[in-house]
Protein chains: 2
Amino acid sequence: MTEFIPPATLFHALPAPFAIKRGGALHGARIAYETWGTLNAACDNAILLLTGLSPSAHAASHAGNPEPGWWEAMIGPGKPIDTDRWYVICGNSLGSCKGSTGPASIDPATGELYRLTFPELSIEDIANAAHALVQGLGIEQLACVIGCSMGGMSALAYATLHPRSSRTQINISGAALSLPFSIAIRSLQREAIRLDPKWNEGAYTDASYPENGMRMARKLGVITYRSSLEWSGRFGRVRLDGDHRDDDSPFGLEFQVESYLEGHARRFVRQFDPNCYLYLSRSMDWFDLSEYGDGDVAAALREIALDGTGLSRALVIGVETDILFPLQQQEQLAEGLRAGGADVTFAPLPSPQGHDAFLVDIARFGPVVGDFLGNLQ
Amino acid sequence: MTEFIPPATLFHALPAPFAIKRGGALHGARIAYETWGTLNAACDNAILLLTGLSPSAHAASHAGNPEPGWWEAMIGPGKPIDTDRWYVICGNSLGSCKGSTGPASIDPATGELYRLTFPELSIEDIANAAHALVQGLGIEQLACVIGCSMGGMSALAYATLHPRSSRTQINISGAALSLPFSIAIRSLQREAIRLDPKWNEGAYTDASYPENGMRMARKLGVITYRSSLEWSGRFGRVRLDGDHRDDDSPFGLEFQVESYLEGHARRFVRQFDPNCYLYLSRSMDWFDLSEYGDGDVAAALREIALDGTGLSRALVIGVETDILFPLQQQEQLAEGLRAGGADVTFAPLPSPQGHDAFLVDIARFGPVVGDFLGNLQ
């Protein structure tokens, strides 16, 4: 099977057995990661970056890999996450396919790919694996955990399961649980993959690969990652010119917005493992922080910020046009952490780009993140 | 092929040739319709109801068919559309499969189903066919055209192409054109059908039918017809109990919201013809009223309401939680018609049910529609 590991990726071996929340354990598992900046002698300038569903650990370029990373504009010397000051660690999520162990990895017990025999993955497992990585790097307490999208969920799990593990948190377009609308969208994405005959109950090959299912899943993803407002301004009702139409096909692409989706889907389809996609997608549906607050999200959030856990400050950013993790969910995070005693900055941003704004609206996200980190002691 | 025609449906033969906007013509075509109430001697109490994508002409029960219709709570004696006063006509859209001629009908020239040989359908064709029906019933000028969703587009086309054809219009969750977000959603729905191998370029049979594609298309539809807000209140994160789970299937249904979508999809899948779905869906993407205003929607809307065209009053209703035809689109309609001189009532409703609210939130829609019609001279 295709490997998707960026060059110059580092690897950290997870302790074995590595227990999985919903049952089972991994042996010989690893986390792929990259770092930027230098860990100081006091080991107190480290920032952990937890990603959304699909990114690799390559968040920014560095000497070993000059290719721009997925958050290139945010990480580097003098940038909002200033690597002259901070030592930044980004791990590829457990269960992903960009170097960390997941359904596309070989199960050492069998010598075969895990595929659907990989244990049921939870956000908490992703957080625990990231915590093991941080500990393995000799860091007792992080200066900050930054989590975006799914990574925002992982950041909450990280703080809950590992009190005093970080002094602060930046939670970007995250949520304490999945709402039924986002569950419905993800369920449909998974169904598109599962319905593709080439998915073959997870036993596909490079030669017989569920490309149509992945294309559909990705298109639906992109639709919900962006916003109607952005597309109205960007595409309007502009048609494709003759060269870009596939006129032979009835009901083929005709509008620019359709071509944009198709392009996104084609770039993604062979760059992410379908089974890993299914596992990570489902882990988001399952995530519900109220499990740690006796059924009450607010109680679980208060607990994260109570004196003694170490999370004293937080920045919560949300986007007004986000339909997947709507702004009320970030308001909930801000209020809950504040109720626990944390000094919380809540930044609702008017970016038109929806859920994915943090990837592209650097003009808005950069200053907010940079100011917060710049003001940390 | 399965027929989907409600009992006691009436039929009106369209004039032949019936010219189609994008080219070609139909011969021997018909429109299925139903009526309620009595046309008065002056022939001035008729209301035409133009439907969304999927409904039949059976909007409400009547002596010939006591089954509840799709707008049962709105149409009848003493109801908001009061059939003691009004003579109400509802036609099945041209291109649909509920009795009107469409891709699932037999082409008299060949004796075979049209399938993909049906001419390219536009919203304007639907409006023209409805106008032919109204004329066939001996009505020179309607008291009101009511259009919901796609029917709101058809109502605008009706008023544009047939000046003085109606004194008033009620436009519900309609739009003057399709925005790229809704084009993207519909493009994906069509792709789900087209990717189903059983679609077979339109040449499916009852025995080999693109059920998976239709299920996916319908689920995506239902997601965008409703709202995140409604589902959060209605489903939350409630799991299915053991009896309703299909546990054998990895990544099978687990949450109530998934089961709700599945139920909707299963009820729809054999009740609507896939090719008709493709044609009607695409007609919405194509619709752009600015064609009649030299590229300017506002100019086209003004034209509809200018003195002399006969459209003197309008009620425009939109829903704050609608993501498919967002409220700004109804604001645009209201402002444009008002600029032309019409007496416009704009009613933005806070219904939580999104685009489909007009079907279910009768408590809000009933009084607004009833008051407007009640105050007509």
# chains A, B, ... in the order shown; residues from 1 in each chain; ligands from 1
$ interface_residues --of "chain A" --to "chain B" --cutoff "8 Å" --atoms "only C-alpha atoms" --output "VMD selection string"
chain A and resid 178 to 181 183 to 185 187 to 188 190 192 195 212 216 219 to 220 223 227 to 228 231 to 232 235 to 237 251 257 to 258 261 278 282
$ residues_around --residues "His12 (chain B)" --least-positions-apart "3" --cutoff "10 Å" --atoms "only C-alpha atoms" --output "MDAnalysis selection string"
chainID B and resid 15 29:33 91 100 129:130 132:134 136:137
$ residues_around --residues "Cys90 (chain B)" --least-positions-apart "5" --cutoff "6 Å" --atoms "only C-alpha atoms" --output "VMD selection string"
chain B and resid 33 to 34 48 to 49 57
$ write_last_selection --atoms "N, CA and C atoms" --output "PDB file, in the first residue's frame"
ATOM      1  N   TYR B  33     -52.516  16.956 -12.226  1.00  0.00           N
ATOM      2  CA  TYR B  33     -52.887  18.017 -11.285  1.00  0.00           C
ATOM      3  C   TYR B  33     -54.061  17.582 -10.427  1.00  0.00           C
ATOM      4  N   GLU B  34     -54.250  18.301  -9.356  1.00  0.00           N
ATOM      5  CA  GLU B  34     -55.422  18.117  -8.502  1.00  0.00           C
ATOM      6  C   GLU B  34     -55.956  19.507  -8.174  1.00  0.00           C
ATOM      7  N   LEU B  48     -52.664  29.010  -7.867  1.00  0.00           N
ATOM      8  CA  LEU B  48     -51.808  27.935  -8.384  1.00  0.00           C
ATOM      9  C   LEU B  48     -50.696  27.667  -7.384  1.00  0.00           C
ATOM     10  N   LEU B  49     -50.503  26.400  -7.080  1.00  0.00           N
ATOM     11  CA  LEU B  49     -49.450  25.999  -6.148  1.00  0.00           C
ATOM     12  C   LEU B  49     -48.345  25.287  -6.917  1.00  0.00           C
ATOM     13  N   ALA B  57     -48.793  16.195  -7.133  1.00  0.00           N
ATOM     14  CA  ALA B  57     -49.864  17.205  -7.109  1.00  0.00           C
ATOM     15  C   ALA B  57     -50.785  17.018  -5.909  1.00  0.00           C
TER      16      ALA B  57
END
$ closest_residue --among "A:Arg218, A:Ile89, A:Ile139, A:Leu26" --to "Ala41 (chain A)" --atoms "only C-alpha atoms"
A:Ile139
$ atom_distance --atom1 "CA of Phe372 (chain A)" --atom2 "CA of Gln141 (chain A)"
18.2 Å
$ select_by_dssp --residues "region 59-267 of chain A" --states "strand (DSSP E or B)" --output "MDAnalysis selection string"
chainID A and resid 62 65 75:76 81:82 87:91 106:107 112:113 142:148 166:172 177 239 255
$ write_last_selection --atoms "N, CA and C atoms" --output "short mmCIF file (atom, residue, chain, number, x, y, z; two decimals), in the first residue's frame"
data_model
loop_
_atom_site.label_atom_id
_atom_site.label_comp_id
_atom_site.auth_asym_id
_atom_site.auth_seq_id
_atom_site.Cartn_x
_atom_site.Cartn_y
_atom_site.Cartn_z
N HIS A 62 11.05 22.98 7.37
CA HIS A 62 12.24 23.04 8.24
C HIS A 62 13.41 22.50 7.42
N ASN A 65 12.94 19.26 5.58
CA ASN A 65 11.86 19.18 4.60
C ASN A 65 11.39 20.59 4.27
N ILE A 75 3.76 29.15 11.68
CA ILE A 75 4.85 28.58 12.48
C ILE A 75 6.20 28.93 11.89
N GLY A 76 7.05 29.57 12.65
CA GLY A 76 8.39 29.89 12.18
C GLY A 76 8.94 31.08 12.93
N ILE A 81 3.26 31.69 15.83
CA ILE A 81 3.84 30.68 16.72
C ILE A 81 5.35 30.75 16.48
N ASP A 82 5.98 31.59 17.27
CA ASP A 82 7.34 32.07 16.99
C ASP A 82 8.37 31.04 17.46
N TYR A 87 9.45 25.95 21.30
CA TYR A 87 9.80 24.64 20.72
C TYR A 87 8.47 23.97 20.37
N VAL A 88 8.21 23.81 19.10
CA VAL A 88 6.89 23.35 18.64
C VAL A 88 6.97 21.89 18.19
N ILE A 89 6.05 21.11 18.67
CA ILE A 89 5.96 19.69 18.32
C ILE A 89 4.62 19.45 17.65
N CYS A 90 4.64 18.81 16.50
CA CYS A 90 3.38 18.39 15.88
C CYS A 90 3.44 16.90 15.62
N GLY A 91 2.48 16.17 16.15
CA GLY A 91 2.42 14.73 15.92
C GLY A 91 1.33 14.38 14.94
N ILE A 106 1.14 -2.22 9.62
CA ILE A 106 1.24 -3.67 9.77
C ILE A 106 1.09 -4.05 11.25
N ASP A 107 0.22 -4.99 11.49
CA ASP A 107 0.04 -5.52 12.84
C ASP A 107 1.19 -6.49 13.11
N GLU A 112 0.40 -8.73 8.86
CA GLU A 112 -0.54 -8.19 7.85
C GLU A 112 -0.98 -6.79 8.27
N LEU A 113 -1.52 -6.06 7.31
CA LEU A 113 -2.11 -4.76 7.65
C LEU A 113 -3.25 -4.95 8.66
N LEU A 142 3.83 21.26 29.26
CA LEU A 142 3.86 22.10 28.06
C LEU A 142 3.50 23.54 28.41
N ALA A 143 4.05 24.46 27.63
CA ALA A 143 3.61 25.85 27.76
C ALA A 143 2.20 26.00 27.21
N CYS A 144 1.91 25.25 26.14
CA CYS A 144 0.61 25.38 25.49
C CYS A 144 0.31 24.15 24.65
N VAL A 145 -0.96 23.75 24.64
CA VAL A 145 -1.45 22.79 23.65
C VAL A 145 -2.34 23.56 22.69
N ILE A 146 -2.05 23.43 21.42
CA ILE A 146 -2.88 24.07 20.39
C ILE A 146 -3.59 22.96 19.63
N GLY A 147 -4.91 23.01 19.58
CA GLY A 147 -5.67 22.01 18.84
C GLY A 147 -6.64 22.68 17.89
N CYS A 148 -6.65 22.21 16.65
CA CYS A 148 -7.52 22.78 15.62
C CYS A 148 -8.52 21.71 15.18
N SER A 166 -0.29 20.85 30.76
CA SER A 166 -0.04 22.07 29.98
C SER A 166 -0.54 23.28 30.77
N ARG A 167 0.21 24.36 30.70
CA ARG A 167 -0.21 25.56 31.43
C ARG A 167 -1.35 26.28 30.72
N THR A 168 -1.37 26.20 29.41
CA THR A 168 -2.40 26.93 28.65
C THR A 168 -2.88 26.08 27.47
N GLN A 169 -3.96 26.55 26.85
CA GLN A 169 -4.49 25.84 25.69
C GLN A 169 -5.05 26.86 24.69
N ILE A 170 -4.79 26.60 23.43
CA ILE A 170 -5.47 27.36 22.36
C ILE A 170 -6.36 26.37 21.62
N ASN A 171 -7.65 26.58 21.74
CA ASN A 171 -8.60 25.67 21.13
C ASN A 171 -9.26 26.38 19.95
N ILE A 172 -9.02 25.86 18.76
CA ILE A 172 -9.45 26.54 17.53
C ILE A 172 -10.51 25.71 16.81
N LEU A 177 -18.08 18.07 22.10
CA LEU A 177 -18.76 16.85 21.64
C LEU A 177 -19.22 17.10 20.20
N ARG A 239 -19.42 29.65 -15.01
CA ARG A 239 -19.34 28.36 -15.69
C ARG A 239 -17.88 28.03 -16.00
N PHE A 255 -20.21 24.05 -13.49
CA PHE A 255 -19.91 25.27 -12.76
C PHE A 255 -18.51 25.20 -12.14
#
$ select_by_dssp --residues "region 50-136 of chain B" --states "alpha helix (DSSP H)" --output "list of chain:residue names"
B:Ile123, B:Glu124, B:Asp125, B:Ile126, B:Ala127, B:Asn128, B:Ala129, B:Ala130, B:His131, B:Ala132, B:Leu133, B:Val134, B:Gln135, B:Gly136
$ atom_distance --atom1 "CA of Gly174 (chain A)" --atom2 "CA of Thr38 (chain A)"
27.9 Å
$ residues_around --residues "Ser351 (chain A)" --least-positions-apart "3" --cutoff "10 Å" --atoms "only C-alpha atoms" --output "PyMOL selection string"
chain A and resi 227+229-230+318-322+348+354-358+360-365
$ write_last_selection --atoms "N, CA and C atoms" --output "PDB file, in the first residue's frame"
ATOM      1  N   SER A 227     -17.788  27.801   3.580  1.00  0.00           N
ATOM      2  CA  SER A 227     -19.088  28.395   3.849  1.00  0.00           C
ATOM      3  C   SER A 227     -19.728  28.887   2.568  1.00  0.00           C
ATOM      4  N   LEU A 229     -21.170  31.648   2.162  1.00  0.00           N
ATOM      5  CA  LEU A 229     -20.783  33.043   1.952  1.00  0.00           C
ATOM      6  C   LEU A 229     -19.499  33.142   1.132  1.00  0.00           C
ATOM      7  N   GLU A 230     -18.490  32.347   1.528  1.00  0.00           N
ATOM      8  CA  GLU A 230     -17.220  32.406   0.808  1.00  0.00           C
ATOM      9  C   GLU A 230     -17.408  32.042  -0.665  1.00  0.00           C
ATOM     10  N   GLY A 318     -13.371  30.692  17.498  1.00  0.00           N
ATOM     11  CA  GLY A 318     -14.409  30.095  16.657  1.00  0.00           C
ATOM     12  C   GLY A 318     -14.684  31.010  15.482  1.00  0.00           C
ATOM     13  N   VAL A 319     -15.409  30.486  14.519  1.00  0.00           N
ATOM     14  CA  VAL A 319     -15.677  31.235  13.291  1.00  0.00           C
ATOM     15  C   VAL A 319     -17.187  31.300  13.065  1.00  0.00           C
ATOM     16  N   GLU A 320     -17.660  32.498  12.802  1.00  0.00           N
ATOM     17  CA  GLU A 320     -19.104  32.711  12.692  1.00  0.00           C
ATOM     18  C   GLU A 320     -19.741  31.913  11.565  1.00  0.00           C
ATOM     19  N   THR A 321     -18.981  31.624  10.518  1.00  0.00           N
ATOM     20  CA  THR A 321     -19.562  30.936   9.363  1.00  0.00           C
ATOM     21  C   THR A 321     -19.340  29.419   9.406  1.00  0.00           C
ATOM     22  N   ASP A 322     -18.863  28.901  10.515  1.00  0.00           N
ATOM     23  CA  ASP A 322     -18.588  27.460  10.628  1.00  0.00           C
ATOM     24  C   ASP A 322     -19.901  26.693  10.807  1.00  0.00           C
ATOM     25  N   PRO A 348     -14.434  35.165  18.712  1.00  0.00           N
ATOM     26  CA  PRO A 348     -15.287  34.765  17.586  1.00  0.00           C
ATOM     27  C   PRO A 348     -14.893  35.576  16.362  1.00  0.00           C
ATOM     28  N   GLY A 354     -15.491  29.643   6.973  1.00  0.00           N
ATOM     29  CA  GLY A 354     -16.083  28.523   7.685  1.00  0.00           C
ATOM     30  C   GLY A 354     -15.099  27.777   8.569  1.00  0.00           C
ATOM     31  N   HIS A 355     -15.357  26.462   8.710  1.00  0.00           N
ATOM     32  CA  HIS A 355     -14.581  25.641   9.625  1.00  0.00           C
ATOM     33  C   HIS A 355     -13.085  25.670   9.310  1.00  0.00           C
ATOM     34  N   ASP A 356     -12.740  25.727   8.046  1.00  0.00           N
ATOM     35  CA  ASP A 356     -11.331  25.685   7.633  1.00  0.00           C
ATOM     36  C   ASP A 356     -10.634  27.039   7.692  1.00  0.00           C
ATOM     37  N   ALA A 357     -11.288  28.049   8.226  1.00  0.00           N
ATOM     38  CA  ALA A 357     -10.705  29.402   8.179  1.00  0.00           C
ATOM     39  C   ALA A 357      -9.305  29.441   8.782  1.00  0.00           C
ATOM     40  N   PHE A 358      -9.061  28.649   9.826  1.00  0.00           N
ATOM     41  CA  PHE A 358      -7.741  28.713  10.478  1.00  0.00           C
ATOM     42  C   PHE A 358      -6.607  28.347   9.525  1.00  0.00           C
ATOM     43  N   VAL A 360      -6.534  29.221   6.323  1.00  0.00           N
ATOM     44  CA  VAL A 360      -6.371  30.191   5.230  1.00  0.00           C
ATOM     45  C   VAL A 360      -6.493  31.653   5.650  1.00  0.00           C
ATOM     46  N   ASP A 361      -7.256  31.926   6.687  1.00  0.00           N
ATOM     47  CA  ASP A 361      -7.467  33.328   7.068  1.00  0.00           C
ATOM     48  C   ASP A 361      -6.412  33.740   8.100  1.00  0.00           C
ATOM     49  N   ILE A 362      -5.169  33.698   7.667  1.00  0.00           N
ATOM     50  CA  ILE A 362      -4.052  33.969   8.570  1.00  0.00           C
ATOM     51  C   ILE A 362      -4.095  35.424   9.048  1.00  0.00           C
ATOM     52  N   ALA A 363      -4.647  36.298   8.206  1.00  0.00           N
ATOM     53  CA  ALA A 363      -4.750  37.708   8.603  1.00  0.00           C
ATOM     54  C   ALA A 363      -5.546  37.854   9.900  1.00  0.00           C
ATOM     55  N   ARG A 364      -6.540  37.030  10.103  1.00  0.00           N
ATOM     56  CA  ARG A 364      -7.320  37.103  11.346  1.00  0.00           C
ATOM     57  C   ARG A 364      -6.749  36.199  12.438  1.00  0.00           C
ATOM     58  N   PHE A 365      -6.379  34.977  12.073  1.00  0.00           N
ATOM     59  CA  PHE A 365      -5.930  34.022  13.095  1.00  0.00           C
ATOM     60  C   PHE A 365      -4.537  34.358  13.623  1.00  0.00           C
TER      61      PHE A 365
END
$ residues_around --residues "Tyr158 (chain A)" --least-positions-apart "2" --cutoff "8 Å" --atoms "only C-alpha atoms" --output "number ranges by chain"
A: 124, 127-128, 131, 154-156, 160-162, 165
$ residues_around --residues "Ser312 (chain A)" --least-positions-apart "6" --cutoff "12 Å" --atoms "only C-alpha atoms" --output "PyMOL selection string"
chain A and resi 143-144+159+163-170+302-306+337-345+376-377
$ atom_distance --atom1 "CA of Asp294 (chain A)" --atom2 "CA of Thr51 (chain A)"
27.4 Å
$ residues_around --residues "region 331-336 of chain A" --least-positions-apart "5" --cutoff "7 Å" --atoms "only C-alpha atoms" --output "list in words"
Ala176, Ala298, Leu301, Arg302, Val316, Val344 and Phe346 of chain A
$ closest_residue --among "A:Ser173, A:Arg270, A:Lys198, A:Thr205" --to "Phe325 (chain A)" --atoms "only C-alpha atoms"
A:Ser173
$ closest_residue --among "B:Leu359, B:Met153, B:Leu39, B:Ala59" --to "Ser283 (chain B)" --atoms "only C-alpha atoms"
B:Met153
$ closest_residue --among "A:Pro68, A:Cys43, A:Leu315, A:Ile123" --to "Asp371 (chain A)" --atoms "only C-alpha atoms"
A:Leu315
